[in-house]
$ cat upload-v4.cif   # mmCIF, C-alpha atoms
data_work
loop_
_atom_site.label_atom_id
_atom_site.label_comp_id
_atom_site.auth_asym_id
_atom_site.auth_seq_id
_atom_site.Cartn_x
_atom_site.Cartn_y
_atom_site.Cartn_z
CA MET A 1 14.22 71.39 29.99
CA ILE A 2 10.63 71.62 28.81
CA ARG A 3 9.77 68.03 29.59
CA LYS A 4 10.42 68.61 33.28
CA MET A 5 8.09 71.56 33.18
CA LEU A 6 5.19 69.71 31.59
CA PRO A 7 4.05 66.50 33.32
CA PHE A 8 0.83 66.40 31.34
CA THR A 9 -0.67 62.97 30.76
CA PRO A 10 0.25 59.33 30.03
CA ALA A 11 -0.08 60.24 26.34
CA ARG A 12 2.79 62.68 26.73
CA ILE A 13 4.97 59.94 28.26
CA ALA A 14 4.23 57.64 25.36
CA TRP A 15 5.08 60.42 22.90
CA SER A 16 8.41 61.11 24.62
CA LEU A 17 9.34 57.42 24.59
CA GLY A 18 8.45 57.26 20.91
CA VAL A 19 10.76 60.15 20.06
CA ALA A 20 13.56 58.60 22.11
CA LEU A 21 13.21 55.25 20.40
CA LEU A 22 13.13 56.94 17.00
CA ALA A 23 16.38 58.78 17.70
CA ALA A 24 18.09 55.70 19.11
CA GLY A 25 16.96 53.07 16.63
CA SER A 26 19.00 52.06 13.61
CA ALA A 27 17.50 52.00 10.11
CA VAL A 28 18.24 49.97 7.00
CA SER A 29 18.02 52.05 3.84
CA SER A 30 15.34 51.10 1.33
CA GLY A 31 13.32 52.87 -1.33
CA ALA A 32 15.02 55.66 -3.26
CA PRO A 33 18.43 56.34 -1.68
CA ALA A 34 19.94 59.78 -1.32
CA LYS A 35 22.01 60.93 -4.25
CA ASP A 36 25.77 60.93 -3.89
CA LYS A 37 27.16 63.94 -2.14
CA PRO A 38 28.60 66.37 -4.68
CA LYS A 39 32.03 67.82 -4.30
CA ALA A 40 32.26 70.55 -1.72
CA LYS A 41 32.44 74.08 -3.04
CA THR A 42 33.13 77.50 -1.53
CA ASP A 43 30.59 80.31 -1.93
CA SER A 44 31.18 84.05 -1.97
CA GLY A 45 30.48 84.25 1.78
CA GLN A 46 33.58 82.12 2.49
CA ARG A 47 31.58 79.07 3.45
CA ILE A 48 32.18 75.64 2.05
CA THR A 49 28.90 73.94 1.11
CA SER A 50 27.53 70.54 0.22
CA GLU A 51 24.08 69.21 -0.61
CA LEU A 52 22.16 65.94 -0.27
CA LYS A 53 18.76 65.22 -1.76
CA GLY A 54 16.41 62.35 -2.47
CA SER A 55 12.81 61.24 -2.94
CA LEU A 56 10.69 58.43 -1.47
CA ALA A 57 7.24 57.16 -2.39
CA SER A 58 4.42 57.86 0.05
CA SER A 59 0.69 58.64 0.11
CA ASP A 60 -1.94 60.76 1.87
CA GLY A 61 -2.60 60.03 5.52
CA GLN A 62 0.83 58.54 6.25
CA HIS A 63 3.55 59.79 8.60
CA LEU A 64 6.90 61.51 8.38
CA HIS A 65 9.13 60.38 11.26
CA PHE A 66 12.03 62.81 11.23
CA SER A 67 14.79 63.52 13.75
CA THR A 68 18.13 65.30 13.50
CA ASP A 69 20.66 66.25 16.14
CA LEU A 70 21.04 69.74 14.63
CA GLY A 71 19.69 71.85 11.82
CA ASN A 72 16.89 74.16 10.73
CA ILE A 73 13.89 72.45 9.15
CA VAL A 74 11.45 73.79 6.55
CA ILE A 75 8.53 71.58 5.52
CA HIS A 76 6.39 72.34 2.47
CA THR A 77 3.32 70.50 1.16
CA GLN A 78 2.69 69.30 -2.37
CA ASN A 79 0.02 67.47 -4.37
CA SER A 80 1.98 64.31 -5.10
CA GLY A 81 2.47 60.84 -3.64
CA LYS A 82 6.04 61.27 -2.50
CA VAL A 83 8.33 62.87 0.05
CA ASP A 84 11.17 64.96 -1.37
CA TYR A 85 14.07 66.22 0.73
CA LYS A 86 17.10 68.41 0.27
CA VAL A 87 19.83 68.96 2.87
CA ARG A 88 22.22 71.89 2.64
CA LEU A 89 25.42 71.67 4.68
CA GLU A 90 27.70 74.65 5.31
CA ALA A 91 30.94 75.19 7.19
CA ASP A 92 33.33 78.08 7.59
CA ALA A 93 35.94 77.70 4.86
CA SER A 94 38.63 79.08 7.17
CA GLN A 95 38.42 75.95 9.34
CA LYS A 96 41.10 73.41 8.49
CA ASP A 97 38.68 70.51 8.79
CA ALA A 98 35.76 72.18 6.97
CA LYS A 99 35.44 69.39 4.40
CA GLN A 100 35.59 66.76 7.11
CA LEU A 101 32.75 68.53 8.98
CA LEU A 102 30.54 68.21 5.90
CA SER A 103 31.38 64.55 5.43
CA ARG A 104 30.66 63.73 9.07
CA PHE A 105 26.98 64.61 8.71
CA THR A 106 24.93 61.71 7.33
CA VAL A 107 21.31 61.32 6.27
CA ASP A 108 19.36 58.07 6.43
CA ALA A 109 16.06 57.97 4.53
CA HIS A 110 13.80 55.00 3.90
CA GLU A 111 10.19 54.03 3.52
CA THR A 112 8.28 52.49 6.44
CA PRO A 113 4.92 50.69 6.66
CA ASP A 114 3.21 53.92 7.76
CA GLY A 115 5.20 56.45 5.74
CA VAL A 116 8.78 57.72 5.65
CA SER A 117 11.66 57.74 8.15
CA LEU A 118 14.29 60.43 7.83
CA LYS A 119 17.27 60.92 10.17
CA GLY A 120 20.16 63.33 10.22
CA ARG A 121 23.25 62.70 12.33
CA SER A 122 26.53 64.51 12.90
CA SER A 123 29.54 62.40 13.81
CA GLY A 124 30.96 63.69 17.07
CA LYS A 125 30.21 66.68 19.25
CA GLN A 126 32.85 68.71 17.46
CA CYS A 127 30.29 69.48 14.73
CA SER A 128 28.08 71.46 17.08
CA GLY A 129 28.55 75.19 16.60
CA ARG A 130 30.72 74.73 13.51
CA LEU A 131 28.29 73.25 11.01
CA TRP A 132 25.15 74.81 9.51
CA VAL A 133 22.45 72.37 8.42
CA THR A 134 19.16 73.18 6.66
CA PHE A 135 16.54 70.58 5.70
CA GLU A 136 13.91 71.36 3.07
CA ILE A 137 11.24 68.66 2.90
CA SER A 138 8.09 68.41 0.78
CA VAL A 139 5.29 66.06 1.89
CA PRO A 140 1.74 65.36 0.68
CA LYS A 141 -0.85 67.91 1.82
CA ASN A 142 -2.71 65.29 3.89
CA TYR A 143 0.13 64.04 6.04
CA ASN A 144 1.14 63.58 9.68
CA LEU A 145 4.41 64.91 11.07
CA GLU A 146 6.66 63.88 13.96
CA VAL A 147 9.67 66.17 13.68
CA SER A 148 12.46 66.98 16.13
CA THR A 149 15.81 68.75 16.00
CA GLY A 150 18.50 69.05 18.63
CA GLY A 151 19.18 72.68 17.77
CA GLY A 152 17.41 74.74 15.14
CA ASN A 153 14.17 76.31 13.94
CA ILE A 154 11.23 74.39 12.46
CA GLU A 155 8.84 75.95 9.97
CA ILE A 156 5.91 74.18 8.27
CA ASP A 157 3.26 75.13 5.71
CA ASP A 158 -0.48 74.53 6.07
CA ILE A 159 -1.05 70.80 6.49
CA ASN A 160 -4.04 68.49 7.00
CA GLY A 161 -2.87 66.08 9.66
CA ARG A 162 -1.52 65.61 13.17
CA VAL A 163 1.67 67.51 13.96
CA THR A 164 4.36 67.04 16.60
CA LEU A 165 7.31 69.46 16.54
CA ALA A 166 10.15 69.64 19.07
CA THR A 167 13.41 71.58 19.20
CA SER A 168 15.96 72.04 21.94
CA GLY A 169 16.23 75.76 21.44
CA GLY A 170 14.87 77.15 18.18
CA ASN A 171 11.62 78.75 17.09
CA LEU A 172 8.53 76.91 15.82
CA VAL A 173 6.42 78.45 13.03
CA ALA A 174 3.38 76.59 11.68
CA GLY A 175 0.58 77.44 9.29
CA ASN A 176 -2.94 76.05 9.57
CA ILE A 177 -3.00 72.54 11.04
CA GLY A 178 -5.87 70.20 10.14
CA GLY A 179 -5.50 67.94 13.19
CA SER A 180 -4.13 68.05 16.71
CA ALA A 181 -0.72 69.59 17.41
CA ARG A 182 2.04 69.38 20.02
CA LEU A 183 4.72 72.07 19.76
CA GLU A 184 7.65 72.22 22.19
CA THR A 185 10.84 74.24 22.37
CA ASP A 186 13.25 74.65 25.25
CA GLY A 187 13.62 78.38 24.69
CA GLY A 188 12.32 79.71 21.37
CA HIS A 189 9.07 81.31 20.25
CA ILE A 190 5.98 79.45 18.98
CA SER A 191 3.65 80.75 16.28
CA VAL A 192 0.80 78.73 14.76
CA LYS A 193 -2.30 79.69 12.81
CA ALA A 194 -5.60 77.80 13.13
CA VAL A 195 -5.57 74.32 14.71
CA ALA A 196 -8.52 72.02 13.91
CA GLY A 197 -7.95 69.77 16.94
CA GLU A 198 -6.27 70.10 20.33
CA LEU A 199 -3.11 72.12 20.86
CA VAL A 200 -0.31 71.58 23.38
CA GLY A 201 2.45 74.17 23.26
CA ALA A 202 5.38 74.79 25.60
CA THR A 203 8.47 76.96 25.62
CA GLY A 204 11.10 77.54 28.25
CA GLY A 205 10.95 81.30 27.82
CA GLY A 206 9.66 82.42 24.43
CA HIS A 207 6.33 83.87 23.32
CA ILE A 208 3.37 81.77 22.13
CA THR A 209 1.00 83.21 19.50
CA THR A 210 -1.84 81.20 17.96
CA GLY A 211 -4.94 81.64 15.86
CA SER A 212 -8.17 79.76 16.58
CA VAL A 213 -8.00 76.36 18.30
CA ALA A 214 -11.07 74.17 17.79
CA GLY A 215 -10.36 71.78 20.69
CA ASN A 216 -8.63 72.18 24.02
CA ALA A 217 -5.46 74.25 24.39
CA VAL A 218 -2.68 73.82 26.97
CA LEU A 219 -0.01 76.49 26.55
CA GLN A 220 2.92 77.15 28.89
CA SER A 221 5.83 79.58 28.77
CA GLY A 222 8.69 80.04 31.19
CA GLY A 223 8.44 83.81 30.87
CA GLY A 224 7.09 84.95 27.51
CA HIS A 225 3.69 86.30 26.44
CA ILE A 226 0.81 84.03 25.43
CA ARG A 227 -1.60 85.38 22.80
CA VAL A 228 -4.51 83.31 21.46
CA ALA A 229 -7.34 84.25 19.10
CA SER A 230 -9.89 81.70 20.36
CA VAL A 231 -10.24 78.29 22.01
CA GLY A 232 -13.35 76.18 21.45
CA GLY A 233 -12.80 73.85 24.40
CA MET A 234 -10.86 74.14 27.64
CA ALA A 235 -7.95 76.60 27.69
CA ARG A 236 -5.11 76.38 30.20
CA LEU A 237 -2.68 79.26 29.67
CA GLU A 238 0.30 79.68 31.98
CA THR A 239 3.39 81.91 31.98
CA THR A 240 5.74 82.74 34.81
CA GLY A 241 6.07 86.40 33.89
CA GLY A 242 4.51 87.43 30.57
CA ASN A 243 1.05 88.66 29.59
CA VAL A 244 -1.88 86.40 28.67
CA THR A 245 -4.32 87.50 25.95
CA LEU A 246 -7.31 85.46 24.73
CA GLU A 247 -9.92 86.93 22.43
CA HIS A 248 -12.59 84.21 22.78
CA SER A 249 -12.71 81.39 25.35
CA GLY A 250 -14.93 78.31 25.21
CA THR A 251 -16.02 75.89 27.91
CA GLU A 252 -13.39 76.81 30.51
CA LEU A 253 -10.41 79.11 30.92
CA VAL A 254 -7.60 78.85 33.46
CA ALA A 255 -5.07 81.67 33.02
CA THR A 256 -2.13 82.34 35.34
CA THR A 257 0.93 84.56 35.20
CA GLY A 258 3.55 85.40 37.78
CA GLY A 259 3.43 89.12 37.13
CA GLY A 260 1.97 90.03 33.75
CA GLN A 261 -1.46 91.20 32.66
CA ILE A 262 -4.41 88.97 31.73
CA GLN A 263 -6.82 90.16 29.06
CA VAL A 264 -9.85 88.16 27.89
CA GLY A 265 -12.41 89.14 25.28
CA GLU A 266 -15.59 87.07 25.37
CA ALA A 267 -15.68 84.31 27.99
CA ALA A 268 -18.49 81.84 27.35
CA GLY A 269 -17.76 79.40 30.19
CA ILE A 270 -15.95 79.16 33.50
CA VAL A 271 -13.06 81.60 34.01
CA ARG A 272 -10.29 81.38 36.60
CA ALA A 273 -7.55 83.97 36.21
CA LYS A 274 -4.72 84.80 38.60
CA THR A 275 -1.72 87.11 38.32
CA GLY A 276 0.91 88.01 40.85
CA GLY A 277 1.04 91.66 39.94
CA GLY A 278 -0.61 92.71 36.68
CA GLY A 279 -4.12 93.83 35.86
CA ILE A 280 -7.02 91.68 34.68
CA ARG A 281 -9.53 92.73 32.02
CA VAL A 282 -12.48 90.66 30.78
CA VAL A 283 -14.66 92.25 28.12
CA ARG A 284 -17.69 89.96 28.50
CA VAL A 285 -18.35 87.54 31.38
CA SER A 286 -20.97 84.85 30.66
CA GLY A 287 -19.95 82.08 33.08
CA PRO A 288 -18.84 81.65 36.69
CA THR A 289 -15.68 83.74 37.08
CA ASN A 290 -12.94 83.95 39.71
CA LEU A 291 -10.31 86.66 39.30
CA GLU A 292 -7.35 87.41 41.57
CA THR A 293 -4.44 89.82 41.32
CA GLY A 294 -1.94 90.77 43.97
CA ASP A 295 -1.08 94.24 42.70
CA GLY A 296 -3.26 95.28 39.77
CA SER A 297 -6.67 96.53 38.75
CA ILE A 298 -9.64 94.48 37.52
CA TYR A 299 -11.92 95.77 34.75
CA LEU A 300 -15.09 94.00 33.56
CA THR A 301 -17.11 95.52 30.72
CA GLN A 302 -20.19 93.24 30.57
CA VAL A 303 -20.99 91.09 33.59
CA ASP A 304 -23.72 88.50 32.99
CA SER A 305 -22.96 85.84 35.62
CA ALA A 306 -21.53 85.20 39.08
CA VAL A 307 -18.12 86.84 39.65
CA LYS A 308 -15.64 86.75 42.51
CA ALA A 309 -12.83 89.29 42.09
CA SER A 310 -10.12 90.39 44.50
CA THR A 311 -7.07 92.63 44.35
CA GLY A 312 -4.55 93.62 46.98
CA VAL A 313 -3.96 97.18 45.82
CA GLY A 314 -5.77 98.00 42.58
CA ALA A 315 -9.26 99.19 41.71
CA ILE A 316 -12.20 97.09 40.53
CA THR A 317 -14.61 98.35 37.86
CA ALA A 318 -17.59 96.32 36.61
CA TRP A 319 -20.45 97.04 34.19
CA PHE A 320 -23.51 94.82 34.69
CA VAL A 321 -25.93 93.96 31.88
CA ALA A 322 -29.74 93.76 31.93
CA PRO A 323 -31.60 91.58 31.64
CA SER A 324 -29.11 89.10 33.09
CA LYS A 325 -29.23 85.67 31.42
CA HIS A 326 -26.97 83.97 33.98
CA PRO A 327 -27.51 85.80 37.28
CA GLY A 328 -25.36 84.91 40.27
CA ARG A 329 -23.87 86.31 43.45
CA CYS A 330 -20.95 88.70 42.90
CA GLU A 331 -18.19 89.52 45.39
CA PHE A 332 -15.65 92.28 44.80
CA GLN A 333 -12.87 92.91 47.31
CA SER A 334 -9.95 95.38 47.27
CA GLY A 335 -7.37 96.01 49.94
CA ASP A 336 -6.38 99.51 48.89
CA GLY A 337 -8.40 100.58 45.86
CA ASP A 338 -11.75 101.93 44.72
CA ILE A 339 -14.66 99.76 43.62
CA VAL A 340 -16.99 101.09 40.93
CA VAL A 341 -20.09 99.19 39.75
CA TYR A 342 -22.39 100.33 36.94
CA ILE A 343 -25.97 99.10 37.43
CA PRO A 344 -28.63 99.23 34.64
CA ARG A 345 -31.82 101.03 35.64
CA GLN A 346 -34.01 97.90 35.27
CA LEU A 347 -31.68 95.30 36.85
CA PRO A 348 -33.07 93.72 40.06
CA VAL A 349 -30.14 93.29 42.49
CA THR A 350 -29.32 93.65 46.18
CA ILE A 351 -26.33 95.83 47.10
CA ASP A 352 -24.17 95.13 50.18
CA ALA A 353 -21.22 97.57 50.26
CA GLN A 354 -18.77 98.27 53.09
CA ILE A 355 -15.62 100.34 53.61
CA GLN A 356 -13.43 99.36 56.55
CA ARG A 357 -11.74 102.76 56.90
CA GLY A 358 -14.83 104.87 56.50
CA ASP A 359 -13.43 107.94 58.22
CA GLU A 360 -11.12 108.41 55.25
CA HIS A 361 -13.30 107.12 52.40
CA GLN A 362 -16.96 107.05 51.40
CA VAL A 363 -19.72 105.21 49.57
CA ILE A 364 -21.13 107.29 46.70
CA VAL A 365 -24.55 106.14 45.45
CA ASP A 366 -26.49 107.42 42.44
CA PRO A 367 -29.74 109.11 43.55
CA ALA A 368 -31.68 106.66 41.34
CA PHE A 369 -30.87 103.81 43.76
CA PRO A 370 -32.58 103.70 47.18
CA LEU A 371 -29.72 102.47 49.38
CA THR A 372 -29.37 102.98 53.12
CA VAL A 373 -26.00 104.26 54.34
CA SER A 374 -24.95 103.54 57.95
CA TYR A 375 -21.83 104.10 60.06
CA GLY A 376 -20.25 101.94 62.75
CA GLY A 377 -17.07 101.15 64.64
CA GLY A 378 -14.47 98.78 63.24
CA SER A 379 -12.22 96.32 65.06
CA ASP A 380 -9.24 98.63 64.53
CA GLY A 381 -10.99 101.61 66.12
CA ARG A 382 -11.82 103.24 62.79
CA HIS A 383 -15.31 103.99 61.56
CA THR A 384 -16.84 101.75 58.91
CA VAL A 385 -19.30 102.83 56.24
CA ARG A 386 -21.96 100.52 54.89
CA ALA A 387 -24.55 100.92 52.12
CA GLU A 388 -27.21 98.31 51.46
CA GLY A 389 -30.58 97.90 49.88
CA ALA A 390 -32.71 96.29 47.19
CA ILE A 391 -32.84 97.78 43.71
CA ASN A 392 -35.92 97.04 41.56
CA GLY A 393 -37.28 94.70 44.23
CA GLY A 394 -33.95 93.03 44.93
CA GLY A 395 -32.23 90.00 43.42
CA GLU A 396 -28.79 88.43 43.39
CA VAL A 397 -26.42 90.00 45.91
CA ILE A 398 -23.54 92.23 44.79
CA ARG A 399 -21.15 92.28 47.76
CA LEU A 400 -18.54 95.07 47.72
CA ARG A 401 -15.68 95.29 50.23
CA THR A 402 -12.66 97.61 50.38
CA VAL A 403 -10.29 98.43 53.23
CA ALA A 404 -9.00 101.82 52.11
CA GLY A 405 -10.87 102.89 49.00
CA ASN A 406 -14.11 104.48 47.88
CA ILE A 407 -17.17 102.61 46.59
CA HIS A 408 -19.27 104.01 43.74
CA VAL A 409 -22.69 102.63 42.73
CA VAL A 410 -23.44 104.31 39.40
CA LEU A 411 -26.44 104.26 37.08
CA SER A 412 -25.27 102.59 33.87
CA ASP A 413 -25.47 104.17 30.41
CA ALA A 414 -26.38 101.21 28.16
CA SER A 415 -25.30 102.86 24.90
CA LYS A 416 -21.91 103.83 26.33
CA GLN A 417 -21.42 100.31 27.65
CA VAL A 418 -22.08 98.75 24.23
CA GLN A 419 -19.71 101.24 22.63
CA ILE A 420 -16.92 100.37 25.08
CA TYR A 421 -17.50 96.65 24.50
CA LYS A 422 -17.20 96.97 20.71
CA GLN A 423 -14.11 99.16 20.92
CA GLN A 424 -12.33 96.76 23.25
CA MET A 425 -13.08 93.72 21.08
CA GLU A 426 -11.88 95.50 17.94
CA GLN A 427 -8.70 96.64 19.68
CA MET A 428 -7.96 93.11 20.88
CA GLN A 429 -8.45 91.66 17.40
CA ARG A 430 -6.22 94.23 15.69
CA LYS A 431 -3.51 93.90 18.33
CA LEU A 432 -3.49 90.11 18.15
CA GLN A 433 -3.26 90.08 14.34
CA MET A 434 -0.42 92.60 14.38
CA GLN A 435 1.49 90.67 17.05
CA MET A 436 1.14 87.40 15.12
CA ARG A 437 2.45 88.98 11.91
CA MET A 438 5.40 90.57 13.70
CA LEU A 439 6.33 87.35 15.51
CA GLU A 440 6.11 85.26 12.31
CA GLN A 441 8.30 87.72 10.43
CA SER A 442 10.94 87.83 13.15
CA MET A 443 11.05 84.03 13.47
CA SER A 444 11.05 83.14 9.78
CA GLY A 445 13.96 85.52 9.23
CA SER A 446 16.15 84.05 11.96
CA ASP A 447 18.96 81.58 11.26
CA GLU A 448 20.39 78.78 13.32
CA THR A 449 23.22 80.11 15.45
CA PRO A 450 26.39 78.10 14.82
#
$ encode --input "upload-v4.cif" --output "structure tokens"
Amino acid sequence: MIRKMLPFTPARIAWSLGVALLAAGSAVSSGAPAKDKPKAKTDSGQRITSELKGSLASSDGQHLHFSTDLGNIVIHTQNSGKVDYKVRLEADASQKDAKQLLSRFTVDAHETPDGVSLKGRSSGKQCSGRLWVTFEISVPKNYNLEVSTGGGNIEIDDINGRVTLATSGGNLVAGNIGGSARLETDGGHISVKAVAGELVGATGGGHITTGSVAGNAVLQSGGGHIRVASVGGMARLETTGGNVTLEHSGTELVATTGGGQIQVGEAAGIVRAKTGGGGIRVVRVSGPTNLETGDGSIYLTQVDSAVKASTGVGAITAWFVAPSKHPGRCEFQSGDGDIVVYIPRQLPVTIDAQIQRGDEHQVIVDPAFPLTVSYGGGSDGRHTVRAEGAINGGGEVIRLRTVAGNIHVVLSDASKQVQIYKQQMEQMQRKLQMQMRMLEQSMSGSDETP
């Protein structure tokens, strides 16, 4: 279950208790009651159907407290001071107790001091898997939502308020959210556009795709991909096996995956990224950065701060910028791969490069850089190769270490570097937009599985 996977904060505990109390509490109907259930009828698809609907007074800034033990949920917004709802019930007409299945599902709706309470309940476990339920709800545009379903998808329009959505297994699709958001599913996908506050999202195994998040973002998946346009605050992105993609990161980024790739566009603050087997790519590094991969390559297009990068097998490639606004010591280490660094002609740095198995590999230095190459004996009896020296009077140290790879110190072509940077950012943006559209289409077209 998701809640075991996410021991976030005391606020999460309070939220969970609130949902539990909401589902367990009894309600006394008030306000406008639901209309009488019409007679059941059979449609051309050989399903017997029934419908409930009603309307309750409400106003901007209030809350919808909604829980149901099963059913898909679609929430629209409207410019009126009320909450309208319609519930469609369907059962297979070939079942002998089809009419009884429809009658066993009840809806309780009433006004509360802070908004509207709406609950759907099926009588007995025998309804599960045999009854289709769809809720269509319209709320004021400026409204807060606390919505949960025991088994189904949830889809909401753009809304100006705080949003909490939870489902035991369906997908979550949300438009633009004008406040903070918490979105949780035990196994489905999550798709949300822009979020004006903080975002917490978790899925047991689906993908997570979001637009811009103004505040902090904590996103976790049991195995799917995580794709985010931008995060203004701290971003913590974690998946056990999928890829992680973030176009723009804010104050801090922590990205981890058990075996997928990590790709970051522009990183303005601290970056810590770790993958068990995939590659890591950061287009622009502007804050202290620590990158680690067990079996993948690391590629950095514009390095403007301190970086520590290590890989067990892959190569490391880094383009440095000049003048550096945030200089710092850099350390690159590969067990069995090449290291290539591109140095601008005017950048003052100190190079310290060493190959442990120098009898099989070499340090290749551009003639523009006055480095001294020396040879020595290693602890394993092999010859080591070392190149060191100050470029443009020296500066922050760039320390390069590989066991069984070559090291290249190359004079950088500034125009080519800028071109690569722009191409990579444009590719990331197009790919993210396409993936979001595809995921939204696939989720909005899916039905609850009976």
$ axis_aligned_box --input "upload-v4.cif" --around "segment 74-79 of chain A" --padding-each-side "6 Å" --output "AutoDock Vina command-line options"
--center_x 5.7 --center_y 70.6 --center_z 1.1 --size_x 23.4 --size_y 18.3 --size_z 22.9
$ resolve_selection --input "upload-v4.cif" --expression "the PyMOL selection byres ((chain A and resi 361) around 6)" --output "list in words"
Gly358, Asp359, Glu360, Gln362, Gly405 and Asn406 of chain A
$ resolve_selection --input "upload-v4.cif" --expression "the PyMOL selection byres ((chain A and resi 345-353) around 9)" --output "ChimeraX atom specification"
/A:320-324,343-344,354-355,363,368-369,371,385-402,407,409,411-413
$ residues_around --input "upload-v4.cif" --residues "segment 246-258 of chain A" --least-positions-apart "3" --cutoff "6 Å" --atoms "all atoms listed in the file" --output "PyMOL selection string"
chain A and resi 228-241+264-276
$ atom_distance --input "upload-v4.cif" --atom1 "atom CA of Met425 of chain A" --atom2 "atom CA of Thr245 of chain A"
11.8 Å
$ atom_distance --input "upload-v4.cif" --atom1 "atom CA of Ser59 of chain A" --atom2 "atom CA of Asn142 of chain A"
8.4 Å
$ residues_around --input "upload-v4.cif" --residues "segment 116-121 of chain A" --least-positions-apart "3" --cutoff "7 Å" --atoms "all atoms listed in the file" --output "NGL selection string"
:A and (63-69 or 105-112)
$ closest_residue --input "upload-v4.cif" --among "A:Thr149, A:Glu184, A:Gly223, A:Thr77" --to "Gly161 of chain A" --atoms "all atoms listed in the file"
A:Thr77
$ resolve_selection --input "upload-v4.cif" --expression "the PyMOL selection byres ((chain A and resi 307-319) around 9)" --output "short mmCIF file (atom, residue, chain, number, x, y, z; two decimals) with C-alpha atoms, keeping the file's coordinate frame"
data_model
loop_
_atom_site.label_atom_id
_atom_site.label_comp_id
_atom_site.auth_asym_id
_atom_site.auth_seq_id
_atom_site.Cartn_x
_atom_site.Cartn_y
_atom_site.Cartn_z
CA GLY A 279 -4.12 93.83 35.86
CA VAL A 285 -18.35 87.54 31.38
CA GLY A 287 -19.95 82.08 33.08
CA PRO A 288 -18.84 81.65 36.69
CA THR A 289 -15.68 83.74 37.08
CA ASN A 290 -12.94 83.95 39.71
CA LEU A 291 -10.31 86.66 39.30
CA GLU A 292 -7.35 87.41 41.57
CA THR A 293 -4.44 89.82 41.32
CA GLY A 294 -1.94 90.77 43.97
CA ASP A 295 -1.08 94.24 42.70
CA GLY A 296 -3.26 95.28 39.77
CA SER A 297 -6.67 96.53 38.75
CA ILE A 298 -9.64 94.48 37.52
CA TYR A 299 -11.92 95.77 34.75
CA LEU A 300 -15.09 94.00 33.56
CA THR A 301 -17.11 95.52 30.72
CA GLN A 302 -20.19 93.24 30.57
CA VAL A 303 -20.99 91.09 33.59
CA ASP A 304 -23.72 88.50 32.99
CA SER A 305 -22.96 85.84 35.62
CA ALA A 306 -21.53 85.20 39.08
CA PHE A 320 -23.51 94.82 34.69
CA VAL A 321 -25.93 93.96 31.88
CA GLY A 328 -25.36 84.91 40.27
CA ARG A 329 -23.87 86.31 43.45
CA CYS A 330 -20.95 88.70 42.90
CA GLU A 331 -18.19 89.52 45.39
CA PHE A 332 -15.65 92.28 44.80
CA GLN A 333 -12.87 92.91 47.31
CA SER A 334 -9.95 95.38 47.27
CA GLY A 335 -7.37 96.01 49.94
CA ASP A 336 -6.38 99.51 48.89
CA GLY A 337 -8.40 100.58 45.86
CA ASP A 338 -11.75 101.93 44.72
CA ILE A 339 -14.66 99.76 43.62
CA VAL A 340 -16.99 101.09 40.93
CA VAL A 341 -20.09 99.19 39.75
CA TYR A 342 -22.39 100.33 36.94
CA ILE A 343 -25.97 99.10 37.43
CA PRO A 344 -28.63 99.23 34.64
CA GLY A 405 -10.87 102.89 49.00
CA SER A 412 -25.27 102.59 33.87
CA GLN A 417 -21.42 100.31 27.65
#
$ atom_distance --input "upload-v4.cif" --atom1 "atom CA of Asp114 of chain A" --atom2 "atom CA of Tyr143 of chain A"
10.7 Å
$ residues_around --input "upload-v4.cif" --residues "Thr164 of chain A" --least-positions-apart "5" --cutoff "8 Å" --atoms "only C-alpha atoms" --output "MDAnalysis selection string"
chainID A and resid 145:147 181:183
$ closest_residue --input "upload-v4.cif" --among "A:Ser55, A:Thr134, A:Ser374, A:Gln261" --to "Val74 of chain A" --atoms "all atoms listed in the file"
A:Thr134
$ residues_near_point --input "upload-v4.cif" --point "(17.8, 72.6, 15.4)" --cutoff "6 Å" --atoms "all atoms listed in the file" --output "list in words"
Leu70, Gly71, Asn72, Thr149, Gly150, Gly151, Gly152, Asn153 and Thr167 of chain A
$ closest_residue --input "upload-v4.cif" --among "A:Arg382, A:Lys82, A:His225, A:Lys325" --to "Gly205 of chain A" --atoms "all atoms listed in the file"
A:His225
$ decode --input "upload-v4.cif" --residues "segment 162-168 of chain A" --atoms "N, CA and C atoms" --output "CSV table (one decimal), in the first residue's frame"
chain,number,residue,atom,x,y,z
A,162,ARG,N,-7.0,23.9,-2.7
A,162,ARG,CA,-6.2,22.8,-2.3
A,162,ARG,C,-6.9,21.5,-2.7
A,163,VAL,N,-6.1,20.5,-3.1
A,163,VAL,CA,-6.6,19.3,-3.6
A,163,VAL,C,-6.0,18.1,-3.0
A,164,THR,N,-6.8,17.1,-2.5
A,164,THR,CA,-6.3,15.9,-2.1
A,164,THR,C,-7.1,14.8,-2.8
A,165,LEU,N,-6.4,13.9,-3.5
A,165,LEU,CA,-7.0,12.8,-4.3
A,165,LEU,C,-6.4,11.5,-3.9
A,166,ALA,N,-7.2,10.5,-3.7
A,166,ALA,CA,-6.6,9.2,-3.3
A,166,ALA,C,-7.5,8.1,-3.9
A,167,THR,N,-6.8,7.1,-4.5
A,167,THR,CA,-7.5,5.9,-5.0
A,167,THR,C,-6.7,4.7,-4.7
A,168,SER,N,-7.4,3.6,-4.5
A,168,SER,CA,-6.7,2.3,-4.2
A,168,SER,C,-6.1,1.7,-5.4
